[in-house]
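In what follows, a single structure is set out as structure tokens and then discussed.
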Amino acid sequence: MGKSSYFAGTLILILGLLLVITWIGTGMAIEYIDSELETNCDSATGQIGQATGWDNNQCQDGRDTREIIATLQMPILILGIGSLGCGGIIISRN
């Protein structure tokens with residue numbers, strides 16, 4: 001029982017670490033999308049492209065993608081911290 005629970009705790013700890021790294025990556029993705037939207041969509045040229053339809057809805061797609069990533073960011077962090085905590089508890093009890 002000791003080795004299997006230690007192994008499970010290690011796996012959960014690694015999963016938690018990966019989730020925290022994913023949370024950092026989502027923050028970087030949001031910043032990148034924001035900068036691209038500001039450069040390409042919020043400028044005068046970008047607004048003209050949106051009004052005339054020349055952007056093929058890419059600006060709206062970018063805003064939608066940013067919103068989806070921002071919505072997932074907090075649950076990823078909570079799961080990551082929870083996994084780190086659970087993995088640490090499981091390992092420390094062995």
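Chains: A, B, ... in order of the structure tokens. Residues: from 1 per chain. Ligands: from 1, in order shown.
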So that each row is one residue of range 49-93 of chain A with an atom at most 8 Å from range 16-39 of chain A, can you give its shortest atom pair and the distance in Å to one decimal, using only C-alpha atoms, rows by chain and rising number, as JSON lines?
```
{"residue": "A:Cys59", "atom": "CA", "partner": "A:Leu37", "partner_atom": "CA", "distance": 6.7}
{"residue": "A:Gly62", "atom": "CA", "partner": "A:Ile33", "partner_atom": "CA", "distance": 6.8}
{"residue": "A:Arg63", "atom": "CA", "partner": "A:Leu37", "partner_atom": "CA", "distance": 7.7}
{"residue": "A:Arg66", "atom": "CA", "partner": "A:Ile30", "partner_atom": "CA", "distance": 5.9}
{"residue": "A:Ile69", "atom": "CA", "partner": "A:Thr26", "partner_atom": "CA", "distance": 6.5}
{"residue": "A:Ala70", "atom": "CA", "partner": "A:Ile30", "partner_atom": "CA", "distance": 7.1}
{"residue": "A:Gln73", "atom": "CA", "partner": "A:Trp23", "partner_atom": "CA", "distance": 6.0}
{"residue": "A:Met74", "atom": "CA", "partner": "A:Trp23", "partner_atom": "CA", "distance": 7.9}
{"residue": "A:Ile76", "atom": "CA", "partner": "A:Trp23", "partner_atom": "CA", "distance": 6.0}
{"residue": "A:Leu77", "atom": "CA", "partner": "A:Trp23", "partner_atom": "CA", "distance": 5.8}
{"residue": "A:Leu79", "atom": "CA", "partner": "A:Gly16", "partner_atom": "CA", "distance": 7.1}
{"residue": "A:Gly80", "atom": "CA", "partner": "A:Gly16", "partner_atom": "CA", "distance": 4.2}
{"residue": "A:Ile81", "atom": "CA", "partner": "A:Gly16", "partner_atom": "CA", "distance": 6.3}
{"residue": "A:Gly82", "atom": "CA", "partner": "A:Gly16", "partner_atom": "CA", "distance": 7.2}
{"residue": "A:Ser83", "atom": "CA", "partner": "A:Gly16", "partner_atom": "CA", "distance": 4.5}
{"residue": "A:Leu84", "atom": "CA", "partner": "A:Gly16", "partner_atom": "CA", "distance": 4.7}
{"residue": "A:Gly87", "atom": "CA", "partner": "A:Gly16", "partner_atom": "CA", "distance": 7.9}
```
Inset, instruction - Skip Lys3 in chain A itself and residues of its chain fewer than 4 positions away, then list as a list in words all residues within 12 Å of it, counting only C-alpha atoms. - result: Phe7, Ala8, Gly9, Thr10, Ile90, Ile91, Arg93 and Asn94 of chain A
